[in-house]
Each structure stands twice: as structure tokens, then as C-alpha cells.
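Structure data (TSV, C-alpha atoms) from my_file-v2.tsv:
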chain	number	residue	atom	x	y	z
L	30	MET	CA	208.30	123.83	190.21
L	31	PRO	CA	208.20	123.57	186.40
L	32	LYS	CA	206.76	120.42	184.92
L	33	LEU	CA	209.35	118.21	183.23
L	34	SER	CA	208.50	116.05	180.23
L	35	VAL	CA	210.97	113.23	179.73
L	36	ILE	CA	210.75	111.77	176.23
L	37	VAL	CA	212.15	108.29	175.74
L	38	PRO	CA	212.13	106.83	172.22
L	39	PHE	CA	212.18	103.06	172.31
L	40	TYR	CA	213.06	100.48	169.71
L	41	ASN	CA	213.59	96.91	170.78
L	42	GLN	CA	215.96	97.76	173.65
L	43	TYR	CA	214.04	95.54	176.04
L	44	ASP	CA	217.09	94.66	178.13
L	45	PHE	CA	217.68	98.21	179.26
L	46	VAL	CA	214.45	100.17	179.14
L	47	GLU	CA	213.33	99.35	182.68
L	48	GLU	CA	216.65	100.56	184.05
L	49	ALA	CA	216.30	103.75	182.02
L	50	VAL	CA	212.78	104.38	183.30
L	51	LYS	CA	213.73	103.65	186.89
L	52	SER	CA	216.68	106.03	186.66
L	53	VAL	CA	214.24	108.80	185.77
L	54	LEU	CA	211.81	107.93	188.55
L	55	ALA	CA	214.68	107.69	191.04
L	56	GLN	CA	215.33	111.38	190.61
L	57	GLY	CA	212.30	111.99	192.83
L	58	TYR	CA	211.33	115.04	190.82
L	59	PRO	CA	207.78	115.85	191.92
L	60	ASN	CA	206.34	117.27	188.72
L	61	LEU	CA	207.27	114.93	185.91
L	62	GLU	CA	205.75	113.03	183.02
L	63	LEU	CA	207.66	110.25	181.31
L	64	ILE	CA	206.58	109.65	177.73
L	65	LEU	CA	207.81	106.40	176.21
L	66	ILE	CA	207.45	106.30	172.45
L	67	ASP	CA	207.49	102.74	171.14
L	68	ASP	CA	208.88	103.25	167.66
L	69	GLY	CA	207.27	100.17	166.16
L	70	SER	CA	209.21	97.59	168.15
L	71	ASP	CA	208.55	94.04	167.09
L	72	GLY	CA	208.89	92.50	170.53
L	73	GLY	CA	206.56	92.48	173.48
L	74	THR	CA	204.57	95.21	175.15
L	75	LEU	CA	205.97	97.81	177.50
L	76	ALA	CA	202.70	98.15	179.36
L	77	TYR	CA	204.17	96.60	182.50
L	78	LEU	CA	206.27	99.73	182.94
L	79	THR	CA	203.20	101.82	183.68
L	80	GLU	CA	202.90	99.91	186.97
L	81	LEU	CA	206.07	101.66	188.13
L	82	SER	CA	204.44	105.07	188.21
L	83	ASP	CA	201.31	106.95	187.24
L	84	SER	CA	203.55	109.49	185.54
L	85	ILE	CA	204.45	107.05	182.75
L	86	CYS	CA	202.65	107.24	179.44
L	87	ILE	CA	203.36	104.83	176.59
L	88	LEU	CA	202.63	105.79	173.00
L	89	ARG	CA	203.26	103.78	169.89
L	90	GLN	CA	203.97	104.66	166.30
L	91	GLU	CA	204.93	102.81	163.17
L	92	ASN	CA	208.71	102.55	162.95
L	93	ALA	CA	209.88	105.94	161.75
L	94	GLY	CA	213.18	106.50	163.54
L	95	PRO	CA	214.23	108.27	166.71
L	96	SER	CA	213.62	111.80	165.43
L	97	ALA	CA	210.02	111.05	164.54
L	98	ALA	CA	209.58	109.32	167.90
L	99	ARG	CA	210.98	112.31	169.79
L	100	ASN	CA	208.84	114.67	167.75
L	101	TYR	CA	205.77	112.60	168.60
L	102	GLY	CA	206.75	112.88	172.23
L	103	ILE	CA	207.19	116.63	171.93
L	104	SER	CA	203.74	116.96	170.36
L	105	GLU	CA	202.18	115.10	173.27
L	106	ALA	CA	204.26	116.62	176.05
L	107	THR	CA	202.59	118.98	178.50
L	108	GLY	CA	205.68	120.04	180.44
L	109	ASP	CA	207.49	123.35	180.69
L	110	VAL	CA	210.90	121.75	180.27
L	111	PHE	CA	211.76	118.86	177.96
L	112	ALA	CA	214.37	116.16	178.46
L	113	PHE	CA	215.37	113.22	176.31
L	114	LEU	CA	216.73	109.85	177.24
L	115	ASP	CA	217.53	106.96	174.94
L	116	SER	CA	216.04	103.74	176.21
L	117	ASP	CA	219.41	102.07	176.71
L	118	ASP	CA	220.97	104.95	178.64
L	119	VAL	CA	220.42	105.99	182.23
L	120	TRP	CA	220.37	109.13	184.27
L	121	PRO	CA	222.78	109.23	187.19
L	122	ASP	CA	221.46	109.99	190.67
L	123	LYS	CA	220.79	113.65	191.39
L	124	LYS	CA	220.92	114.64	187.74
L	125	LEU	CA	217.74	116.66	187.96
L	126	SER	CA	218.45	118.29	191.29
L	127	SER	CA	221.65	119.63	189.77
L	128	GLN	CA	220.65	120.31	186.20
L	129	MET	CA	217.29	121.93	186.95
L	130	ALA	CA	218.97	124.45	189.25
L	131	PRO	CA	219.71	127.06	186.58
L	132	PHE	CA	216.02	127.04	185.58
L	133	LEU	CA	214.84	127.24	189.18
L	134	LEU	CA	217.27	129.84	190.43
L	135	GLU	CA	217.70	132.19	187.53
L	136	GLU	CA	215.49	133.54	184.80
L	137	GLY	CA	216.35	133.56	181.16
L	138	HIS	CA	218.04	130.25	180.47
L	139	GLY	CA	216.53	128.31	177.61
L	140	LEU	CA	218.79	125.28	177.71
L	141	VAL	CA	221.02	123.64	180.27
L	142	LEU	CA	223.76	121.27	179.15
L	143	SER	CA	225.25	118.72	181.52
L	144	GLN	CA	228.06	116.22	181.14
L	145	LEU	CA	228.14	112.71	179.74
L	146	ARG	CA	229.83	109.67	181.14
L	147	LYS	CA	230.21	106.46	179.19
L	148	LEU	CA	228.99	103.06	180.29
L	149	VAL	CA	231.13	100.38	178.71
L	150	PRO	CA	230.89	96.58	178.78
L	151	SER	CA	232.64	95.16	181.83
L	152	GLU	CA	235.71	93.09	181.09
L	153	GLU	CA	235.16	91.02	184.20
L	154	LYS	CA	231.40	90.56	184.37
L	155	SER	CA	229.77	89.42	181.18
L	156	GLY	CA	226.65	91.37	180.30
L	157	GLN	CA	227.45	94.07	182.84
L	158	PHE	CA	228.39	97.67	182.19
L	159	GLU	CA	230.61	99.98	184.19
L	160	VAL	CA	231.22	103.69	184.14
L	161	GLN	CA	234.29	104.84	182.30
L	162	ASP	CA	236.61	107.77	182.83
L	163	ASP	CA	235.39	111.16	183.91
L	164	PRO	CA	232.27	112.91	182.68
L	165	PHE	CA	232.76	115.41	179.91
L	166	TYR	CA	230.75	117.90	177.91
L	167	THR	CA	229.38	116.95	174.55
L	168	ILE	CA	226.28	117.49	172.50
L	169	GLN	CA	224.04	114.55	173.22
L	170	LEU	CA	220.32	115.00	173.64
L	171	GLY	CA	220.37	113.11	176.92
L	172	CYS	CA	222.60	115.82	178.36
L	173	ILE	CA	220.16	118.59	177.47
L	174	LEU	CA	217.25	120.10	179.36
L	175	ALA	CA	215.44	122.68	177.25
L	176	LYS	CA	212.39	124.80	177.86
L	177	LYS	CA	209.34	124.23	175.71
L	178	GLU	CA	209.80	127.69	174.20
L	179	VAL	CA	213.15	126.64	172.79
L	180	PHE	CA	211.41	124.08	170.62
L	181	GLN	CA	208.92	126.69	169.52
L	182	THR	CA	211.89	128.83	168.43
L	183	VAL	CA	214.20	126.19	167.00
L	184	GLY	CA	211.59	123.72	165.81
L	185	ILE	CA	211.52	119.97	166.15
L	186	PHE	CA	213.98	117.34	164.97
L	187	ASP	CA	214.43	116.90	161.24
L	188	GLU	CA	212.92	113.52	160.48
L	189	SER	CA	214.55	113.40	157.06
L	190	LEU	CA	217.95	112.91	158.68
L	191	LEU	CA	219.04	109.41	159.51
L	192	TYR	CA	222.24	110.66	161.09
L	193	SER	CA	223.31	113.75	163.00
L	194	GLU	CA	219.76	114.91	163.66
L	195	ASP	CA	220.78	115.91	167.18
L	196	GLN	CA	223.74	117.89	165.86
L	197	ASP	CA	221.45	119.54	163.33
L	198	TRP	CA	219.04	120.62	166.06
L	199	PHE	CA	221.81	121.93	168.26
L	200	LEU	CA	223.37	123.88	165.39
L	201	ARG	CA	220.01	125.48	164.71
L	202	ALA	CA	219.68	126.39	168.38
L	203	ARG	CA	223.11	127.99	168.36
L	204	GLU	CA	222.45	129.85	165.13
L	205	LEU	CA	219.32	131.31	166.76
L	206	GLU	CA	221.36	132.27	169.82
L	207	VAL	CA	219.25	130.30	172.27
L	208	SER	CA	220.33	131.22	175.78
L	209	MET	CA	222.42	128.32	177.07
L	210	VAL	CA	224.32	127.49	180.19
L	211	ARG	CA	226.40	124.44	180.98
L	212	ILE	CA	226.70	122.83	184.36
L	213	ALA	CA	229.57	120.64	185.52
L	214	CYS	CA	227.44	117.75	186.70
L	215	GLU	CA	227.03	114.27	185.32
L	216	GLY	CA	223.77	114.31	183.42
L	217	LEU	CA	223.83	111.15	181.36
L	218	ARG	CA	225.34	107.70	181.40
L	219	TYR	CA	225.68	106.72	177.79
L	220	ARG	CA	225.78	103.03	177.09
L	221	SER	CA	228.40	102.10	174.55
L	222	HIS	CA	227.47	98.66	173.25
L	223	ALA	CA	230.35	97.87	170.95
L	224	GLU	CA	233.95	98.78	171.27
L	225	SER	CA	234.39	100.82	168.16
L	226	LEU	CA	237.98	101.97	167.93
L	227	THR	CA	237.29	105.19	166.16
L	228	GLY	CA	233.86	104.97	164.66
L	229	ARG	CA	235.39	106.33	161.50
L	230	GLY	CA	234.85	105.34	157.96
L	231	ASN	CA	231.09	104.92	157.96
L	232	ARG	CA	230.53	106.81	154.77
L	233	THR	CA	226.78	107.09	155.13
L	234	ARG	CA	227.09	108.56	158.60
L	235	ASP	CA	229.95	110.84	157.63
L	236	PHE	CA	227.95	112.15	154.71
L	237	GLY	CA	225.05	112.78	157.08
L	238	LEU	CA	227.27	114.94	159.25
L	239	ILE	CA	228.71	116.80	156.27
L	240	HIS	CA	225.20	117.41	155.00
L	241	VAL	CA	224.16	118.86	158.36
L	242	LEU	CA	227.22	121.11	158.53
L	243	ARG	CA	226.67	122.31	154.98
L	244	ARG	CA	223.04	123.14	155.72
L	245	SER	CA	224.16	125.15	158.73
L	246	LEU	CA	226.69	127.07	156.65
L	247	LYS	CA	224.02	127.82	154.04
L	248	ARG	CA	221.62	129.12	156.68
L	249	ARG	CA	224.28	131.27	158.27
L	250	ASN	CA	225.37	132.58	154.89
L	251	SER	CA	221.84	133.42	153.79
L	252	SER	CA	221.14	135.30	157.01
L	253	GLY	CA	223.58	137.95	155.83
L	254	GLY	CA	225.86	140.03	157.98
L	255	GLY	CA	229.09	139.35	156.14
L	256	ALA	CA	231.34	136.36	156.35
L	257	VAL	CA	230.02	133.27	158.07
L	258	GLN	CA	231.53	132.97	161.51
L	259	SER	CA	232.09	130.01	163.74
L	260	LEU	CA	229.32	129.50	166.26
L	261	LEU	CA	229.79	129.31	169.98
L	262	SER	CA	231.73	126.21	171.00
L	263	ILE	CA	230.80	124.33	174.15
L	264	SER	CA	233.70	125.90	176.00
L	265	GLY	CA	232.23	129.26	175.02
L	266	ILE	CA	228.91	128.50	176.69
L	267	PRO	CA	228.77	130.12	180.16
L	268	GLU	CA	229.23	127.67	183.00
L	269	TRP	CA	226.61	127.74	185.73
L	270	GLY	CA	228.01	128.67	189.09
L	271	LYS	CA	230.89	130.58	187.59
L	272	THR	CA	228.79	133.18	185.87
L	273	ALA	CA	225.67	133.32	188.03
F	21	MET	CA	256.45	122.30	140.23
F	22	ASN	CA	255.81	119.81	143.00
F	23	GLU	CA	254.89	116.46	141.45
F	24	THR	CA	254.05	114.81	144.74
F	25	ARG	CA	250.63	113.28	144.92
F	26	TYR	CA	248.48	113.68	147.98
F	27	GLU	CA	245.45	111.98	149.40
F	28	ILE	CA	242.85	112.83	151.96
F	29	ASN	CA	244.03	112.28	155.52
F	30	ALA	CA	241.66	109.37	156.08
F	31	PRO	CA	240.04	108.26	158.26
F	32	SER	CA	240.46	111.46	160.28
F	33	VAL	CA	239.28	113.68	157.45
F	34	VAL	CA	236.07	113.24	155.49
F	35	SER	CA	234.74	115.44	152.71
F	36	GLU	CA	232.14	115.79	150.03
F	37	VAL	CA	231.91	118.11	147.05
F	38	ILE	CA	228.31	119.13	146.57
F	39	ASP	CA	227.18	121.63	143.93
F	40	GLY	CA	230.65	123.06	143.57
F	41	GLU	CA	231.29	123.40	147.28
F	42	ALA	CA	233.65	121.18	149.22
F	43	VAL	CA	232.83	120.60	152.89
F	44	ILE	CA	235.75	119.04	154.70
F	45	VAL	CA	235.64	117.79	158.28
F	46	ASN	CA	238.63	116.92	160.43
F	47	MET	CA	237.24	114.47	162.98
F	48	ASP	CA	240.45	114.59	165.01
F	49	ASN	CA	240.22	118.22	166.02
F	50	GLY	CA	236.61	119.03	165.18
F	51	ASN	CA	237.43	121.74	162.68
F	52	TYR	CA	235.43	121.87	159.51
F	53	TYR	CA	235.96	123.81	156.32
F	54	SER	CA	234.18	124.96	153.24
F	55	ILE	CA	235.65	126.05	149.96
F	56	ASP	CA	233.84	127.01	146.77
F	57	ASP	CA	234.35	126.90	143.04
F	58	SER	CA	238.04	126.96	142.15
F	59	GLY	CA	239.02	125.67	145.57
F	60	ALA	CA	236.56	122.80	145.43
F	61	PHE	CA	237.87	121.96	141.97
F	62	VAL	CA	241.44	121.80	143.24
F	63	TRP	CA	240.46	119.84	146.34
F	64	ASP	CA	238.57	117.34	144.24
F	65	ALA	CA	241.48	117.04	141.83
F	66	ILE	CA	244.01	116.46	144.60
F	67	CYS	CA	241.79	113.85	146.23
F	68	GLY	CA	241.31	112.29	142.82
F	69	GLY	CA	245.03	111.64	142.63
F	70	ALA	CA	246.27	114.50	140.48
F	71	ASN	CA	249.63	116.10	141.20
F	72	LEU	CA	250.15	119.83	140.83
F	73	PRO	CA	251.24	119.94	137.19
F	74	GLU	CA	248.27	117.77	136.32
F	75	ILE	CA	245.94	120.02	138.26
F	76	ARG	CA	247.31	123.04	136.42
F	77	GLY	CA	246.60	121.28	133.15
F	78	MET	CA	243.08	120.48	134.28
F	79	VAL	CA	242.52	124.11	135.30
F	80	GLU	CA	243.75	125.37	131.95
F	81	LYS	CA	241.35	123.05	130.15
F	82	SER	CA	238.40	123.67	132.42
F	83	TYR	CA	238.46	127.42	133.06
F	84	SER	CA	238.46	130.49	130.84
F	85	LYS	CA	241.84	132.00	130.12
F	86	SER	CA	243.04	134.69	132.49
F	87	ASP	CA	246.22	136.29	133.75
F	88	VAL	CA	246.15	134.77	137.21
F	89	ASP	CA	249.13	132.78	138.41
F	90	ILE	CA	247.52	129.35	138.48
F	91	ASP	CA	250.60	127.65	139.90
F	92	ALA	CA	250.79	130.08	142.81
F	93	ILE	CA	247.11	129.71	143.64
F	94	ILE	CA	247.30	125.92	143.61
F	95	ARG	CA	250.51	125.91	145.66
F	96	GLU	CA	249.08	128.22	148.28
F	97	LEU	CA	245.93	126.19	148.52
F	98	LEU	CA	247.89	122.97	148.90
F	99	GLU	CA	249.93	124.55	151.67
F	100	GLN	CA	246.74	125.45	153.50
F	101	PHE	CA	245.34	121.94	153.13
F	102	LEU	CA	248.59	120.48	154.45
F	103	LYS	CA	248.83	122.99	157.30
F	104	GLU	CA	245.34	122.00	158.41
F	105	GLU	CA	246.34	118.33	158.13
F	106	LEU	CA	243.60	117.62	155.63
F	107	LEU	CA	245.96	115.89	153.21
F	108	VAL	CA	248.90	113.55	153.46
F	109	GLU	CA	251.37	112.41	150.85
F	110	ALA	CA	249.91	109.55	148.88
F	111	GLY	CA	251.33	106.18	149.73
F	112	ASP	CA	251.26	105.16	146.09
F	113	GLN	CA	252.83	107.95	144.09
F	114	GLY	CA	251.63	106.31	140.93
F	115	THR	CA	247.97	106.84	141.71
F	116	PRO	CA	246.24	107.85	138.49
F	117	ILE	CA	244.16	110.92	138.02
F	118	GLY	CA	240.52	110.36	138.87
F	119	GLU	CA	238.48	109.37	135.89
F	120	GLY	CA	236.35	112.04	134.32
F	121	MET	CA	237.94	114.89	136.20
F	122	GLU	CA	239.22	116.57	133.08
F	123	ALA	CA	235.74	116.72	131.62
F	124	SER	CA	234.77	119.75	133.75
F	125	SER	CA	234.15	123.00	131.97
F	126	PHE	CA	233.43	126.31	133.63
F	127	ASP	CA	232.38	129.49	131.96
F	128	CYS	CA	234.56	131.59	134.24
F	129	ALA	CA	238.18	132.29	135.08
F	130	PHE	CA	240.14	130.41	137.72
F	131	SER	CA	240.49	132.56	140.82
F	132	ALA	CA	242.08	132.42	144.25
F	133	PRO	CA	239.61	130.66	146.56
F	134	GLU	CA	239.23	131.11	150.29
F	135	LEU	CA	239.39	128.12	152.61
F	136	LYS	CA	236.87	128.98	155.31
F	137	LYS	CA	237.51	127.36	158.65
F	138	TYR	CA	235.01	126.79	161.45
F	139	THR	CA	235.93	125.71	164.94
F	140	ASP	CA	232.61	125.56	166.76
F	141	MET	CA	232.04	121.82	166.58
F	142	GLU	CA	235.18	120.65	168.31
F	143	GLU	CA	233.59	118.98	171.31
F	144	LEU	CA	230.70	117.69	169.27
F	145	LEU	CA	232.75	116.02	166.61
F	146	LEU	CA	235.30	114.65	169.00
F	147	LEU	CA	232.56	112.68	170.65
F	148	ASP	CA	231.00	111.42	167.50
F	149	PRO	CA	232.49	107.91	167.84
F	150	ILE	CA	230.32	107.27	170.86
F	151	HIS	CA	227.33	107.23	168.56
F	152	ASP	CA	228.70	104.24	166.79
F	153	GLU	CA	227.44	100.80	167.38
F	154	GLY	CA	228.87	99.38	164.20
F	155	GLU	CA	227.56	99.58	160.71
F	156	GLU	CA	225.69	96.32	161.08
F	157	ALA	CA	223.62	97.66	163.91
F	158	GLU	CA	223.01	100.91	162.07
F	159	GLU	CA	221.73	99.13	159.04
F	160	ALA	CA	219.58	96.76	161.05
F	161	GLN	CA	217.42	99.49	162.47
F	162	ILE	CA	216.83	103.12	161.95
F	163	ALA	CA	215.63	103.69	165.44
F	164	GLY	CA	217.87	103.83	168.41
Write the structure described by the file as C-alpha cells, please.
Amino acid sequence: MPKLSVIVPFYNQYDFVEEAVKSVLAQGYPNLELILIDDGSDGGTLAYLTELSDSICILRQENAGPSAARNYGISEATGDVFAFLDSDDVWPDKKLSSQMAPFLLEEGHGLVLSQLRKLVPSEEKSGQFEVQDDPFYTIQLGCILAKKEVFQTVGIFDESLLYSEDQDWFLRARELEVSMVRIACEGLRYRSHAESLTGRGNRTRDFGLIHVLRRSLKRRNSSGGGAVQSLLSISGIPEWGKTA
Amino acid sequence: MNETRYEINAPSVVSEVIDGEAVIVNMDNGNYYSIDDSGAFVWDAICGGANLPEIRGMVEKSYSKSDVDIDAIIRELLEQFLKEELLVEAGDQGTPIGEGMEASSFDCAFSAPELKKYTDMEELLLLDPIHDEGEEAEEAQIAG
């Protein structure tokens, strides 16, 4: 049974962090460490969470952003497989029993991608959230389980990026042809706090994405081999159970 | 020559021209594009409010003289931008040319550029809105 390191960056999301932590513990995975990185929160301590399980470790850093927090977690992690969970999101029941299967049953996979389902504010119960629609594939770190070796190959998250650092990391992984498989199970419940109609028009964020895409094109171009090609899309990633 | 003015298909499409390369992203379908040199110049000019005759004039002033059919290159490029739904007709056909655009000067001839299209980010970009919690929240903290 490979050891799983779950890295949870935390910044002032006190209302949700206990639910996030409990959703990890509820998986019942026997060989797990949960590393909470307090990214310089200015509220109270999280020490009470360690009473939930001996597997919980809380580290603190000066506020440096989620990438730096995740990288700190990676540097301290002792697991064979790494997972990430934002402190306001939760894992659905049986996530790990489903998503760890490709690692347990077949050699060679470096990364397993599961599906995301949104949690949106309830229209009937104030302060409550409810699941929305069906789960779907996307690139969100909370949907990814990746072996430690993948981070040795791809590297850690780019702390210079304020936006799209997860997309940057995933692009790098695809450029390096990390072995990936996707599995049609719900692997993350993503809490959507505000009803943003499109999320468009945030110029700083859009520029961040463009910057990340441009860097990827430059890397692919400099690696030679003729014209730069599109990378594998999610639908091009083999689906576990259909290819095994 | 077509005197219609066009504008970027906002908010679906976002772009930046960096060091002579335009990177254009269509958030609606996840496709993204890159185009260099002459193509980036034309893209920038169109987005700056220039119509085709004006762009031709800008090209003639900015690039070395050559025998290429500037009109044909610009037309073909515009057709590609429209086909990919990166541009729409400008609502205000009187939009002026972007300031300073005619100041460019290149020590090379205008040439037919290639609009390179990439389709690998479809699912990723389609989901990008879920990252949003509003600009206010984004500015209030850098950690999430």
C-alpha cells in the first residue's frame, strides 16, 4: 500500500478547513499523511485539527501564495503518491478507493486524473452548499494523484505565477509525456463561493494564462522536432477501465 | 478593399502581443493560437481599430518594400481570424486607429504569416471560470 501525502494549503478559510480535513480522513486510507500548510493566515491556530488524527501535520510559512505553500508541503512530504486539496474543497466518499486503483493494480502510471463536481451556494439554505450537475473532467490539482517521481521529473509549482500555476504544471507534465490515466469517478467537490457568470474579463488573470501558454509554446518550440504540435487533450488521456 | 473595422471577440477571446508574438485564447472553445511578426502586426492593428486599407498603409510604412501582395495576405489573415471567431465587426465603425501604431518600423519585408492553432487545452480552459471568486477576492489575498 503506497503512502499518500495529502497537501492542503490554507489561508484564512477557517469555515471550511475542518470539513476538508475530515473528508480526507473519512477515506479510511491506511497509509496517509495530511500536511496542512498555513500560508501566513492572520486568524487563529489550526492546532485543534491535530486532535482528529495522528496523521495530521501542520506547518506554517509567511504568506507566499498557494504555490509556495504546496511546494513547502512537497518538500516535507514522505509519501509515494501526492495529492492536493484546497482548504475550502472536500473529497467525496470513496475517492481514494477509486482513484488509487490504477496505481495499485497496474504498473507504470505516473498520474491519475479524476472528475470534479461543483459545490454551489444553496438557494434555499443560507450558508449551505449543494452539489451541482454531474462530475466532469478538468485540470484541477484536487483531481490529481501523482507519484513522487512525477514531481522529480516535472518539478514543483512555479511560485512566480500568481495565476494559472496549476495549468503551467500540468502543461509541463504533458510536454514531458508523463504517463497519465483518467478515471471516471468523482474525485473532488470544488466549492464555488461566488456566482461568477463567466469569470471573464479579469485582465490580470487572463494575462497570467496567456503567459503560461506562451511559455509552453516556447518550450515546445525550443525542444525541436519541427512544428509545435498540440499536446494531448484530456479526452486523449486513456481512461482507466477501458484500456486496462 | 474591405473598410469594415473589427474588434476582438471579447470577452470570449483574450490576447496579448509580447515581443512580436501574438498569443490569442478563445475561452469559449479552449483553442489558443500564436502568430509571429507580420501576423502579430496585423492582429495588433486590427484590434487597435484599423480597417484593411489603413493596415495596408501601416504595413507599407513599417516594412521594407517587397513584391508581396499585401492586400491578399491581410485579407487571408482576416478571414482566418473571423473563421476562428477571434474577431467580430466593430460596433462603432468610426473607431480610430490605435495611437502610436504607425510608429513601428521593421528592417524586413512583410510576409505571409502562419496562424498556429492549438487544441489541447479545451477542457482546461472551459473550466477556468470555476477558479473565479471575483476580482475583489483575488486582490484581497494571494493565497487560496
Report summary line: Taken to one decimal, the CA of Leu145 in chain L-CA of Leu261 in chain L distance is 19.3 Å
Query raised in the report: Interatomic distance between CA of Met129 in chain L and CA of Val141 in chain L?
Result: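 Distance reported for this atom pair: 7.8 Å.
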**Report entry** For chain F, the nearest of the candidates L:Ile103, L:Ala98, L:Ala76, L:Leu142, counting only C-alpha atoms
**Finding:**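 Looking at the shortest contact to chain F, the residue is L:Ala98.
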Report summary line: From CA of Leu174 in chain L to CA of Gly139 in chain L the spacing works out at 8.4 Å
**Report entry** Close residues, range 98-112 of chain F itself excluded, 10 Å, only C-alpha atoms, min 4 positions apart in chain, as a VMD selection string
**Finding:** chain F and resid 24 to 30 32 to 35 44 to 46 48 to 49 51 to 53 59 62 to 63 66 to 67 69 72 92 to 94 116 134 to 135 137
Requested in this report: Tell me which protein, DNA and RNA residues are within 8 Å of Asp187 in chain L, counting all atoms listed in the file, leaving out same-chain ones fewer than 5 positions away, and put them as a list in words.
Outcome: Ser96, Glu194, Asp197 and Trp198 of chain L
**Report entry** Pick from L:His240, L:Lys176, L:Lys154, L:Arg146, whichever lies nearest to Val35 in chain L using all atoms listed in the file
**Finding:** L:Lys176
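When all atoms listed in the file are used to measure the gap to chain F, the shortest distance among L:Ser82, L:Ser221, L:Gln128, L:Gln56 belongs to L:Ser221.
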Requested in this report: Pick out the residues sitting within 8 Å of Ile173 in chain L, and hand them over as a ChimeraX atom specification; count all atoms listed in the file, and ignore anything fewer than 2 positions along from it in its own chain.
Outcome: /L:112-113,140-143,168-171,175
Query - Using all atoms listed in the file: which of L:Pro59, L:Gly137, L:Gly265, L:Pro150 has the shortest distance to chain F - result: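 With all atoms listed in the file as the atom set, the closest residue is L:Gly265.
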